Amino acid sequence: MAAVTEEFRKPVRTLSYTSGKETDEEALDTNYCDERVQEADGCFFESFTALSWKQENRRLRAQSENDIESEKPPPEEAAAGIKPVAHKFSKKEFELLYIEVLYTIKYKLGKTADDHSPYVDDLYLYARESFDLTHEEHSSLLARASEEKPPILVSNVVVVAAKDLEAKDPNGFSDPYCMLGVVPGRAIEKEAFPELQEEKHEAEEKEPKKTGIRKITGSIRPRSPGKILNWKKKEKPPVTEKTAVRDRLPAKFIKSTSVKHKTLNPVWQEKFRFDCEDICSDVLHLDIWDHDDEHSVADAVKKLNEVQGLIGMGRFFKQVVQSARTNSGNVDDFLGCVNIKMADIPSVGLDKWFTLEARTHKSSVQGQIKLKLQLGTREDRGISEEDNWTDVKEHESLICIFIEHEIKKFGDSSYKWSGELPQPALTILHQHAIQGDITNVQQAMCYWQAYSRKHMEHPFDYGFLLSLLQGLDSTWEASALSRDEVDGSSSSSGAPSSYFTPPPSLTDSLECVATPRLTGLFEESLAESFNLFIEFCLALLRRIRDIFPPGNHAASLKLENLLKCLNTIYNLKVFKKCCPFQKGLHVELTQVVKKGTLEWYEKQNALTKTSIRSEDDVVHGLIELTNILNSDMQKAQHCYNPVFEKVVAVNYQLVTFRQLEKLFTECNEIAPSIEQISNSPELSSMMKDDSNPIGMQIGTNLFELYLALQEFSTFKDSVPASELKSLSIVHFHEWFKGAVNRWLRIAQFKANVRIKKAIELDKVTVVDPQVKHSSSAVDTACCFTQIREFWKQLAWPDTAGSYVFVTKVLDDICNGALFYAEEVHKKLQAAGYYDDSGVFDVTEELCITINNIEQVRRSLKPLPEDLRFSDIYHAVEKQYGKDAGRQCKVALYGVLKSSDEDVINKIKEVIEHVGEKMRQDIGKSVFHLAWAPESVPAEDAVESLLSYLDNNLDTLNKSLLRTNFDRLLSLIWHVVLEEIKKMLETNMGKKPVFYLRLYNALDILKEFFHANEKGLPMQTIMSREYEALQDLLKLHKSETSTLIDMFYMEKLDIQKSTEDSKYGVLTVRVYYNSSSSELCVEILNAKDIIPLDTNGLSDPFVMIELVPIHNFPNCQVQRTKIVKKSLNPLFDETFGFSVNAEQCRHESALVQFTVMDHDIMFANDFAGEAYFSLTEIPGLKGEKTGGYSNLKQTTMLLTQPRPRVSGPFQVLELRLWDKEAAEFTKKVKTRESLAITK
């Protein structure tokens, strides 16, 4: 084998198939285009495709501006919001308020809590600084405050529940109730109760005589209902902290809860209020008793409320106390007690479980009781106790003054202030609340009203305001604005905890009754506060674009918290009660967004119309306005709408878009203006004239406006489908139909101008070995890309309606591709490429020219996807039916396919010429291959052809694209096959060795062109042409006997494929008798023999011969008897042939049956023939057959021999030098002549 063949088969040596595959599918880089080519048409395409970049740059610029704004402080909102009339104190009011503060500090209550200031001097100092008073003014007003009457101390107690009490009743439970009261100091007892002091003195005198202190074992209960209670001096037990409350207090200080039957875990939730004489020495004492009958002390104590007058109450108390001293007849059982010093109660109150204590060490008690304790005051000012309206308003005013003071001290923007007041301020406010008996709800209300009012002067953090609203909501209960409808406890946080409402049975024990007048005042005050704040916020939202710029993080956070405040207000229970007829928040926000959008739009519209003069100015003004709207909608979509949706469930984007779309399309009469400009004939002529920049500018501006409107229309996605038809912007594309049609007509003309210029400036030089095209292909493909991009940018909304435009775009690009191929051909012709004179040489310039056409053809490949063929014909099918959709599809792909084929044909014209130029040299190499000496093997004889192909294909592979190289390789392979076939056809009848060399050479060439799967695919190589040539060479290289075998195999195949029985059938049975080495044949009958005599009948007989003769040399032809005058003869004859099994197993071993018509006067006539294969007859494998009777009959169709113009017989005819072939062909022709003559 030649060394060149081995080199060719190396993967990378010359043809470099691998690298060809890598670079072949790379997309053509269309980012670079020759500026001189662009200037040929005045940069017509660039001016339009650059519009999308212009739009994108505008967005990036806006984003950059937002980034710059992100870290700036938020705009001031005080100027945008409403300015409520601020309340100004008169000098007298100011002084009275300060006196109230000093009075509160002077009579400070309770144990100081951890988060309050313990020092009175600090409180005085803070108050003076807040009110901005001098030392002299402070001292003067402090003196006046000291002259005020001290307040009456009050203890508020809520008995909540008890747990794990001792069971006293047989049923395993108890019937617990509580007796409680405030035990006064000794001085008070002496002054108010001398009888008790006398008894106590007598007991102390007798005490030394006793061996020990007698513990109290009795209680306040009568010995029997019918006995008269009297007051006698008896021995009394000593009074201790654990002495029962009824043993220590006058009756008017004792109160009791209701009885809870059959429980060890009672729940009371009952409220009591006690006056205190001395907070330092007074003690709250509480007993729990088990109620046993209807005449218990609890009933007696409750009757105290029915006693009128102090004298009667004292008399009844004496009876209760005397019965309590009695040790017999006890009814109620003691369950435990607690003692709490008033001095230990902090100003913020107590809310805890207390462990029950026993009265003596011998007593056994268990369980705990939960109490809520709060200190307070009441003043004897001659007004109703429940009327604390003045206190509440003073409390709010104090908060305002403290806020103002802290803002001045803060020294920075008020929205950065946390809103938290310092410890002294909180302590003063806390003391003022508990001394004024201001409830938690009232405190929360004061804080909200003060901060919301000051917020309009000094904007605070909306997150802090939100926390105030949440505190108000958490403390408020339905119909609970007066202090008697909730507990009177206070806390320093402004969000006090709630007490339980007392049961109806104890309402008489409360000292205050709900006042409708006060509730009304509170509701009016809160309603006014809410409405002012809402109005202020809505005024800000009306100017949302100015006050809350989307790029500013701080402003965005303010907006979110503002909306949260509004949402919280509208969900407050107190708001719904105070403002029952207020519009819903959704309605309010929708209206304010609409109104704010209207005001903003009118301002922007006025600004864009200031310089309108010509048509160009009209279009430019609309572009500017549309871009402003797009920017605003972008902000609405990405910044404002998520916040509105999340917080208040308002679709800000939808509301804004509806408003802007209506204003924009109706106020500007945009549709008529655009249609008038688009259909202007002057515009078309100006756009076509490269020297007229005005037309180009107007055309470009029109499509810039289109893209701006397209972007604006995308925001319609938020609009419900049912409302889309009412929007004018949905049909914006229809305004530009005239302009698009005009542009597409001009585009084809401009494209041809550009293509000519690109070819003219094309330089066929290869700088980079990987670059297999030149500048003209890039410029042309770039032009097509820009046309596609122009259409893609349009994104025509009416998919079905875009069919007309897409067809025009497709025509423009396809015609441009064909125009380029034709122009390149003209250039090649001018360069003498198609001239027959001169020596042909495969140059890189030629290869690059071929590649250029292919690259331009490839630029058509993305068209179906880029132009959305599938979407278009599916839309047409949906709108007009399946037939219309199918026609649309066929039309679109038909245009593309036709153009593709035209361009490929142009490529093939060039490539075919290359093949024709190489044909002569290939023919010479084939001649030397065929006529090499017989001693030279095919591998050596084909070397010259392989060397020639190798050298030329190397250059082609390096310079051509893979696709073009495959085309050329396929063409050269075709030329090689044609030259070998030509050599064969001009040298028929040679000896087999001549054809064997060609056959082997063909196989070598096949592998050469396949190149280990790196060349042509085997499917392309093994074409019909190749297979026909291979079969022909195979026949000519075969021996004569082999050809005879093939001839008989063809005969058998013809018989098997015959389906028509017009010549009749023959029935036989055949088997091999291995014991006698004999082939046994039985002729049974024939049917439907063709009539060959004049009487319409025949005299048939059958000749039996084993073929081919060279396989059965010693076997004679045998024949049956003659059956006279019959077309369906019955023979029933058997014949034997002495042959071995191997002869029968030969592939071509057959029994040839020839049916003849016997004639006496003339030669016998040929009636038909049939062939029976012996390769699989019974008995060949040595098995027993059992004779004919065990065999199946075989019926064969009779056929007539026909002359063959090709195949083995033709080759045998050409072998005039071969005696065997000559004899065989003569015999066959004789049989055929018999069949043909009849």
# chains A, B, ... in the order shown; residues from 1 in each chain; ligands from 1

call {"tool": "residues_around", "arguments": {"residues": "Ala358 of chain A", "least_positions_apart": "6", "cutoff": "8 Å", "atoms": "only C-alpha atoms", "output": "MDAnalysis selection string"}}
result
chainID A and resid 242 336:337 364:365

call {"tool": "write_last_selection", "arguments": {"atoms": "all heavy atoms", "output": "compact mmCIF listing (two decimals), in the first residue's frame"}}
result
# COMPACT_ATOMS: atom_id res chain seq x y z
N LYS A 242 -51.04 37.86 110.89
CA LYS A 242 -51.84 36.78 110.34
C LYS A 242 -53.23 36.71 110.93
O LYS A 242 -53.98 35.79 110.68
CB LYS A 242 -51.12 35.44 110.54
CG LYS A 242 -49.78 35.42 109.81
CD LYS A 242 -49.08 34.11 109.97
CE LYS A 242 -47.74 34.12 109.26
NZ LYS A 242 -47.02 32.85 109.41
N GLY A 336 -56.58 30.33 104.23
CA GLY A 336 -55.28 30.96 104.10
C GLY A 336 -55.40 32.46 103.98
O GLY A 336 -56.48 33.01 103.79
N CYS A 337 -54.26 33.14 104.08
CA CYS A 337 -54.27 34.59 104.00
C CYS A 337 -52.97 35.08 103.38
O CYS A 337 -51.99 34.33 103.27
CB CYS A 337 -54.46 35.22 105.38
SG CYS A 337 -53.09 34.92 106.53
N SER A 364 -52.67 24.45 108.97
CA SER A 364 -52.15 23.90 107.72
C SER A 364 -52.97 24.47 106.56
O SER A 364 -54.17 24.25 106.47
CB SER A 364 -52.24 22.36 107.73
OG SER A 364 -51.88 21.85 106.47
N VAL A 365 -52.31 25.24 105.71
CA VAL A 365 -52.97 25.79 104.52
C VAL A 365 -52.10 25.48 103.30
O VAL A 365 -50.93 25.14 103.43
CB VAL A 365 -53.17 27.31 104.64
CG1 VAL A 365 -54.06 27.66 105.79
CG2 VAL A 365 -51.83 28.03 104.75

call {"tool": "residues_around", "arguments": {"residues": "segment 999-1001 of chain A", "least_positions_apart": "5", "cutoff": "8 Å", "atoms": "only C-alpha atoms", "output": "NGL selection string"}}
result
:A and (938-939 or 942 or 1030 or 1033-1034 or 1037)

call {"tool": "write_last_selection", "arguments": {"atoms": "N, CA, C and O atoms", "output": "PDB file, in the first residue's frame"}}
result
ATOM      1  N   ALA A 938      -2.767  -3.910  -6.222  1.00  0.00           N
ATOM      2  CA  ALA A 938      -3.634  -2.727  -6.293  1.00  0.00           C
ATOM      3  C   ALA A 938      -3.155  -1.622  -5.351  1.00  0.00           C
ATOM      4  O   ALA A 938      -3.276  -0.427  -5.664  1.00  0.00           O
ATOM      5  N   GLU A 939      -2.652  -1.979  -4.163  1.00  0.00           N
ATOM      6  CA  GLU A 939      -2.204  -0.980  -3.204  1.00  0.00           C
ATOM      7  C   GLU A 939      -1.112  -0.081  -3.792  1.00  0.00           C
ATOM      8  O   GLU A 939      -1.063   1.124  -3.499  1.00  0.00           O
ATOM      9  N   VAL A 942      -2.546   2.097  -7.074  1.00  0.00           N
ATOM     10  CA  VAL A 942      -3.420   3.239  -6.788  1.00  0.00           C
ATOM     11  C   VAL A 942      -2.668   4.398  -6.153  1.00  0.00           C
ATOM     12  O   VAL A 942      -3.231   5.457  -5.882  1.00  0.00           O
ATOM     13  N   GLN A1030     -19.423  -1.267  -7.879  1.00  0.00           N
ATOM     14  CA  GLN A1030     -18.849  -2.380  -7.121  1.00  0.00           C
ATOM     15  C   GLN A1030     -19.422  -3.723  -7.600  1.00  0.00           C
ATOM     16  O   GLN A1030     -18.686  -4.704  -7.782  1.00  0.00           O
ATOM     17  N   LEU A1033     -17.880  -4.568 -11.024  1.00  0.00           N
ATOM     18  CA  LEU A1033     -16.508  -5.061 -10.887  1.00  0.00           C
ATOM     19  C   LEU A1033     -16.478  -6.454 -10.263  1.00  0.00           C
ATOM     20  O   LEU A1033     -15.630  -7.290 -10.611  1.00  0.00           O
ATOM     21  N   LYS A1034     -17.378  -6.679  -9.353  1.00  0.00           N
ATOM     22  CA  LYS A1034     -17.447  -7.995  -8.717  1.00  0.00           C
ATOM     23  C   LYS A1034     -17.773  -9.086  -9.735  1.00  0.00           C
ATOM     24  O   LYS A1034     -17.221 -10.188  -9.688  1.00  0.00           O
ATOM     25  N   LYS A1037     -14.677  -9.607 -12.112  1.00  0.00           N
ATOM     26  CA  LYS A1037     -13.506 -10.255 -11.506  1.00  0.00           C
ATOM     27  C   LYS A1037     -13.774 -11.714 -11.145  1.00  0.00           C
ATOM     28  O   LYS A1037     -12.862 -12.428 -10.731  1.00  0.00           O
TER      29      LYS A1037
END

call {"tool": "atom_distance", "arguments": {"atom1": "atom CA of Trp973 of chain A", "atom2": "atom CA of Lys826 of chain A"}}
result
27.9 Å

call {"tool": "select_by_dssp", "arguments": {"residues": "segment 1031-1130 of chain A", "states": "strand (DSSP E)", "output": "mmCIF file with N, CA and C atoms, in the first residue's frame"}}
result
data_model
loop_
_atom_site.group_PDB
_atom_site.id
_atom_site.type_symbol
_atom_site.label_atom_id
_atom_site.label_comp_id
_atom_site.auth_asym_id
_atom_site.auth_seq_id
_atom_site.Cartn_x
_atom_site.Cartn_y
_atom_site.Cartn_z
ATOM 1 N N VAL A 1065 -48.481 -24.637 -13.906
ATOM 2 C CA VAL A 1065 -47.719 -25.024 -12.730
ATOM 3 C C VAL A 1065 -47.306 -26.476 -12.853
ATOM 4 N N LEU A 1066 -46.257 -26.816 -12.124
ATOM 5 C CA LEU A 1066 -45.730 -28.178 -12.125
ATOM 6 C C LEU A 1066 -45.606 -28.636 -10.685
ATOM 7 N N THR A 1067 -46.098 -29.865 -10.389
ATOM 8 C CA THR A 1067 -46.074 -30.392 -9.024
ATOM 9 C C THR A 1067 -45.100 -31.548 -8.965
ATOM 10 N N VAL A 1068 -44.159 -31.499 -7.991
ATOM 11 C CA VAL A 1068 -43.123 -32.529 -7.857
ATOM 12 C C VAL A 1068 -42.910 -32.833 -6.373
ATOM 13 N N ARG A 1069 -42.140 -33.926 -6.159
ATOM 14 C CA ARG A 1069 -41.634 -34.245 -4.825
ATOM 15 C C ARG A 1069 -40.191 -34.678 -4.991
ATOM 16 N N VAL A 1070 -39.295 -34.166 -4.126
ATOM 17 C CA VAL A 1070 -37.861 -34.436 -4.237
ATOM 18 C C VAL A 1070 -37.304 -34.736 -2.866
ATOM 19 N N TYR A 1071 -36.444 -35.762 -2.791
ATOM 20 C CA TYR A 1071 -35.720 -36.008 -1.550
ATOM 21 C C TYR A 1071 -34.417 -36.717 -1.879
ATOM 22 N N TYR A 1072 -33.519 -36.797 -0.878
ATOM 23 C CA TYR A 1072 -32.231 -37.439 -1.069
ATOM 24 C C TYR A 1072 -32.180 -38.703 -0.227
ATOM 25 N N ASN A 1073 -31.867 -39.797 -0.926
ATOM 26 C CA ASN A 1073 -31.753 -41.109 -0.263
ATOM 27 C C ASN A 1073 -30.289 -41.303 0.086
ATOM 28 N N GLU A 1078 -28.552 -41.307 -3.679
ATOM 29 C CA GLU A 1078 -29.341 -41.045 -4.880
ATOM 30 C C GLU A 1078 -30.319 -39.910 -4.631
ATOM 31 N N LEU A 1079 -30.394 -39.003 -5.604
ATOM 32 C CA LEU A 1079 -31.388 -37.928 -5.574
ATOM 33 C C LEU A 1079 -32.638 -38.442 -6.236
ATOM 34 N N CYS A 1080 -33.740 -38.440 -5.509
ATOM 35 C CA CYS A 1080 -34.990 -39.014 -5.997
ATOM 36 C C CYS A 1080 -35.945 -37.888 -6.364
ATOM 37 N N VAL A 1081 -36.452 -37.951 -7.585
ATOM 38 C CA VAL A 1081 -37.347 -36.904 -8.077
ATOM 39 C C VAL A 1081 -38.612 -37.565 -8.590
ATOM 40 N N GLU A 1082 -39.787 -37.091 -8.183
ATOM 41 C CA GLU A 1082 -41.083 -37.605 -8.640
ATOM 42 C C GLU A 1082 -41.832 -36.456 -9.318
ATOM 43 N N ILE A 1083 -42.220 -36.685 -10.602
ATOM 44 C CA ILE A 1083 -43.020 -35.725 -11.345
ATOM 45 C C ILE A 1083 -44.467 -36.174 -11.222
ATOM 46 N N LEU A 1084 -45.291 -35.392 -10.564
ATOM 47 C CA LEU A 1084 -46.677 -35.798 -10.325
ATOM 48 C C LEU A 1084 -47.587 -35.350 -11.463
ATOM 49 N N ASN A 1085 -47.655 -34.068 -11.686
ATOM 50 C CA ASN A 1085 -48.566 -33.581 -12.712
ATOM 51 C C ASN A 1085 -48.218 -32.142 -13.054
ATOM 52 N N ALA A 1086 -48.885 -31.649 -14.072
ATOM 53 C CA ALA A 1086 -48.797 -30.250 -14.471
ATOM 54 C C ALA A 1086 -50.200 -29.747 -14.745
ATOM 55 N N LYS A 1087 -50.405 -28.489 -14.590
ATOM 56 C CA LYS A 1087 -51.721 -27.907 -14.797
ATOM 57 C C LYS A 1087 -51.603 -26.623 -15.620
ATOM 58 N N PRO A 1100 -47.544 -32.646 -23.785
ATOM 59 C CA PRO A 1100 -46.440 -32.275 -22.896
ATOM 60 C C PRO A 1100 -45.639 -33.456 -22.373
ATOM 61 N N PHE A 1101 -44.355 -33.192 -22.145
ATOM 62 C CA PHE A 1101 -43.482 -34.074 -21.402
ATOM 63 C C PHE A 1101 -42.490 -33.183 -20.659
ATOM 64 N N VAL A 1102 -41.803 -33.721 -19.628
ATOM 65 C CA VAL A 1102 -40.920 -32.945 -18.780
ATOM 66 C C VAL A 1102 -39.507 -33.509 -18.876
ATOM 67 N N MET A 1103 -38.526 -32.582 -19.053
ATOM 68 C CA MET A 1103 -37.111 -32.939 -19.046
ATOM 69 C C MET A 1103 -36.529 -32.524 -17.677
ATOM 70 N N ILE A 1104 -35.788 -33.457 -17.065
ATOM 71 C CA ILE A 1104 -35.206 -33.206 -15.744
ATOM 72 C C ILE A 1104 -33.705 -33.214 -15.894
ATOM 73 N N GLU A 1105 -33.062 -32.051 -15.416
ATOM 74 C CA GLU A 1105 -31.619 -31.903 -15.539
ATOM 75 C C GLU A 1105 -31.074 -31.260 -14.255
ATOM 76 N N LEU A 1106 -29.951 -31.756 -13.779
ATOM 77 C CA LEU A 1106 -29.288 -31.165 -12.619
ATOM 78 C C LEU A 1106 -28.287 -30.128 -13.103
ATOM 79 N N VAL A 1107 -28.398 -28.879 -12.570
ATOM 80 C CA VAL A 1107 -27.520 -27.784 -12.971
ATOM 81 C C VAL A 1107 -26.911 -27.143 -11.715
ATOM 82 N N GLN A 1118 -32.890 -36.545 -17.992
ATOM 83 C CA GLN A 1118 -33.950 -37.556 -18.038
ATOM 84 C C GLN A 1118 -35.269 -36.884 -18.396
ATOM 85 N N ARG A 1119 -36.210 -37.727 -18.875
ATOM 86 C CA ARG A 1119 -37.467 -37.142 -19.310
ATOM 87 C C ARG A 1119 -38.610 -38.069 -18.980
ATOM 88 N N LEU A 1130 -50.994 -35.812 -16.289
ATOM 89 C CA LEU A 1130 -50.699 -36.563 -15.075
ATOM 90 C C LEU A 1130 -49.566 -37.516 -15.413
#

call {"tool": "closest_atom_pairs", "arguments": {"of": "segment 326-409 of chain A", "to": "segment 142-164 of chain A", "cutoff": "6 Å", "atoms": "only C-alpha atoms", "output": "JSON lines"}}
result
{"residue": "A:Gly367", "atom": "CA", "partner": "A:Asp164", "partner_atom": "CA", "distance": 4.5}
{"residue": "A:Gln368", "atom": "CA", "partner": "A:Lys163", "partner_atom": "CA", "distance": 5.5}
{"residue": "A:Ile369", "atom": "CA", "partner": "A:Ala162", "partner_atom": "CA", "distance": 4.1}
{"residue": "A:Lys370", "atom": "CA", "partner": "A:Ala161", "partner_atom": "CA", "distance": 5.3}
{"residue": "A:Leu371", "atom": "CA", "partner": "A:Val159", "partner_atom": "CA", "distance": 5.0}
{"residue": "A:Lys372", "atom": "CA", "partner": "A:Val158", "partner_atom": "CA", "distance": 5.0}
{"residue": "A:Leu373", "atom": "CA", "partner": "A:Val157", "partner_atom": "CA", "distance": 4.8}
{"residue": "A:Gln374", "atom": "CA", "partner": "A:Asn156", "partner_atom": "CA", "distance": 5.1}
{"residue": "A:Leu375", "atom": "CA", "partner": "A:Ser155", "partner_atom": "CA", "distance": 4.7}
{"residue": "A:Gly376", "atom": "CA", "partner": "A:Val154", "partner_atom": "CA", "distance": 4.8}
{"residue": "A:Thr377", "atom": "CA", "partner": "A:Leu153", "partner_atom": "CA", "distance": 4.5}
{"residue": "A:Arg378", "atom": "CA", "partner": "A:Ile152", "partner_atom": "CA", "distance": 5.1}
{"residue": "A:Glu379", "atom": "CA", "partner": "A:Pro151", "partner_atom": "CA", "distance": 4.9}

call {"tool": "residues_around", "arguments": {"residues": "Leu1197 of chain A", "least_positions_apart": "4", "cutoff": "10 Å", "atoms": "only C-alpha atoms", "output": "VMD selection string"}}
result
chain A and resid 1055 to 1056 1058 to 1067 1086 to 1087 1168 to 1171

call {"tool": "write_last_selection", "arguments": {"atoms": "all heavy atoms", "output": "short mmCIF file (atom, residue, chain, number, x, y, z; two decimals), in the first residue's frame"}}
result
data_model
loop_
_atom_site.label_atom_id
_atom_site.label_comp_id
_atom_site.auth_asym_id
_atom_site.auth_seq_id
_atom_site.Cartn_x
_atom_site.Cartn_y
_atom_site.Cartn_z
N GLN A 1055 -38.00 -16.91 -10.34
CA GLN A 1055 -39.15 -17.82 -10.13
C GLN A 1055 -39.85 -17.50 -8.82
O GLN A 1055 -41.08 -17.48 -8.75
CB GLN A 1055 -38.66 -19.27 -10.15
CG GLN A 1055 -39.79 -20.27 -9.86
CD GLN A 1055 -39.30 -21.69 -9.91
OE1 GLN A 1055 -38.94 -22.17 -11.00
NE2 GLN A 1055 -39.27 -22.37 -8.78
N LYS A 1056 -39.06 -17.21 -7.77
CA LYS A 1056 -39.66 -16.91 -6.46
C LYS A 1056 -40.46 -15.61 -6.49
O LYS A 1056 -41.46 -15.48 -5.78
CB LYS A 1056 -38.57 -16.81 -5.39
CG LYS A 1056 -37.93 -18.15 -5.04
CD LYS A 1056 -36.84 -17.96 -3.99
CE LYS A 1056 -36.22 -19.30 -3.61
NZ LYS A 1056 -35.13 -19.14 -2.61
N THR A 1058 -42.06 -14.51 -9.10
CA THR A 1058 -43.17 -14.58 -10.05
C THR A 1058 -44.46 -14.90 -9.32
O THR A 1058 -44.52 -15.82 -8.49
CB THR A 1058 -42.88 -15.65 -11.11
OG1 THR A 1058 -41.67 -15.33 -11.79
CG2 THR A 1058 -44.03 -15.73 -12.12
N GLU A 1059 -45.49 -14.17 -9.61
CA GLU A 1059 -46.79 -14.38 -8.97
C GLU A 1059 -47.85 -14.82 -9.98
O GLU A 1059 -48.88 -15.37 -9.59
CB GLU A 1059 -47.24 -13.06 -8.29
CG GLU A 1059 -46.31 -12.63 -7.17
CD GLU A 1059 -46.77 -11.33 -6.54
OE1 GLU A 1059 -47.78 -10.78 -7.03
OE2 GLU A 1059 -46.13 -10.87 -5.58
N ASP A 1060 -47.62 -14.61 -11.29
CA ASP A 1060 -48.61 -14.94 -12.31
C ASP A 1060 -48.38 -16.38 -12.82
O ASP A 1060 -47.26 -16.76 -13.16
CB ASP A 1060 -48.48 -13.95 -13.47
CG ASP A 1060 -49.63 -14.10 -14.46
OD1 ASP A 1060 -50.51 -14.92 -14.21
OD2 ASP A 1060 -49.61 -13.37 -15.48
N SER A 1061 -49.42 -17.18 -12.84
CA SER A 1061 -49.33 -18.58 -13.28
C SER A 1061 -49.86 -18.77 -14.71
O SER A 1061 -50.46 -19.80 -15.02
CB SER A 1061 -50.10 -19.49 -12.31
OG SER A 1061 -51.49 -19.12 -12.30
N LYS A 1062 -49.60 -17.82 -15.58
CA LYS A 1062 -50.17 -17.89 -16.94
C LYS A 1062 -49.53 -18.99 -17.79
O LYS A 1062 -50.07 -19.39 -18.81
CB LYS A 1062 -50.01 -16.55 -17.63
CG LYS A 1062 -48.59 -16.10 -17.83
CD LYS A 1062 -48.56 -14.73 -18.52
CE LYS A 1062 -47.13 -14.24 -18.72
NZ LYS A 1062 -47.12 -12.93 -19.40
N TYR A 1063 -48.35 -19.49 -17.39
CA TYR A 1063 -47.71 -20.58 -18.13
C TYR A 1063 -47.97 -21.94 -17.48
O TYR A 1063 -47.41 -22.94 -17.91
CB TYR A 1063 -46.21 -20.35 -18.23
CG TYR A 1063 -45.85 -19.07 -18.97
CD1 TYR A 1063 -45.29 -18.00 -18.31
CD2 TYR A 1063 -46.09 -18.98 -20.35
CE1 TYR A 1063 -44.98 -16.84 -18.99
CE2 TYR A 1063 -45.78 -17.80 -21.02
CZ TYR A 1063 -45.22 -16.73 -20.34
OH TYR A 1063 -44.92 -15.59 -21.01
N GLY A 1064 -48.75 -21.95 -16.39
CA GLY A 1064 -49.08 -23.20 -15.73
C GLY A 1064 -48.19 -23.47 -14.55
O GLY A 1064 -47.29 -22.69 -14.22
N VAL A 1065 -48.48 -24.64 -13.91
CA VAL A 1065 -47.72 -25.02 -12.73
C VAL A 1065 -47.31 -26.48 -12.85
O VAL A 1065 -47.94 -27.28 -13.56
CB VAL A 1065 -48.55 -24.82 -11.44
CG1 VAL A 1065 -48.88 -23.37 -11.23
CG2 VAL A 1065 -49.82 -25.66 -11.46
N LEU A 1066 -46.26 -26.82 -12.12
CA LEU A 1066 -45.73 -28.18 -12.12
C LEU A 1066 -45.61 -28.64 -10.68
O LEU A 1066 -45.06 -27.91 -9.84
CB LEU A 1066 -44.36 -28.22 -12.81
CG LEU A 1066 -43.68 -29.59 -12.87
CD1 LEU A 1066 -44.47 -30.55 -13.76
CD2 LEU A 1066 -42.25 -29.45 -13.39
N THR A 1067 -46.10 -29.87 -10.39
CA THR A 1067 -46.07 -30.39 -9.02
C THR A 1067 -45.10 -31.55 -8.96
O THR A 1067 -45.21 -32.50 -9.76
CB THR A 1067 -47.46 -30.85 -8.59
OG1 THR A 1067 -48.38 -29.75 -8.71
CG2 THR A 1067 -47.45 -31.34 -7.15
N ALA A 1086 -48.89 -31.65 -14.07
CA ALA A 1086 -48.80 -30.25 -14.47
C ALA A 1086 -50.20 -29.75 -14.75
O ALA A 1086 -51.09 -30.53 -15.12
CB ALA A 1086 -47.91 -30.09 -15.69
N LYS A 1087 -50.41 -28.49 -14.59
CA LYS A 1087 -51.72 -27.91 -14.80
C LYS A 1087 -51.60 -26.62 -15.62
O LYS A 1087 -50.62 -25.89 -15.51
CB LYS A 1087 -52.39 -27.58 -13.46
CG LYS A 1087 -52.78 -28.80 -12.65
CD LYS A 1087 -53.47 -28.37 -11.36
CE LYS A 1087 -53.87 -29.59 -10.52
NZ LYS A 1087 -54.56 -29.19 -9.27
N GLY A 1168 -42.35 -24.16 -20.86
CA GLY A 1168 -42.02 -23.45 -19.62
C GLY A 1168 -40.92 -24.16 -18.87
O GLY A 1168 -40.56 -25.29 -19.18
N GLU A 1169 -40.41 -23.46 -17.87
CA GLU A 1169 -39.34 -24.03 -17.07
C GLU A 1169 -39.57 -23.69 -15.60
O GLU A 1169 -40.27 -22.74 -15.26
CB GLU A 1169 -37.98 -23.50 -17.52
CG GLU A 1169 -37.78 -22.01 -17.32
CD GLU A 1169 -36.43 -21.52 -17.79
OE1 GLU A 1169 -35.67 -22.33 -18.37
OE2 GLU A 1169 -36.13 -20.33 -17.59
N ALA A 1170 -38.95 -24.54 -14.73
CA ALA A 1170 -39.03 -24.32 -13.30
C ALA A 1170 -37.75 -24.83 -12.67
O ALA A 1170 -37.12 -25.76 -13.19
CB ALA A 1170 -40.25 -24.99 -12.70
N TYR A 1171 -37.37 -24.22 -11.52
CA TYR A 1171 -36.12 -24.57 -10.85
C TYR A 1171 -36.43 -24.92 -9.40
O TYR A 1171 -37.21 -24.24 -8.72
CB TYR A 1171 -35.12 -23.42 -10.92
CG TYR A 1171 -34.64 -23.15 -12.33
CD1 TYR A 1171 -35.31 -22.27 -13.15
CD2 TYR A 1171 -33.51 -23.80 -12.81
CE1 TYR A 1171 -34.88 -22.03 -14.45
CE2 TYR A 1171 -33.06 -23.55 -14.10
CZ TYR A 1171 -33.75 -22.67 -14.91
OH TYR A 1171 -33.31 -22.44 -16.20
#
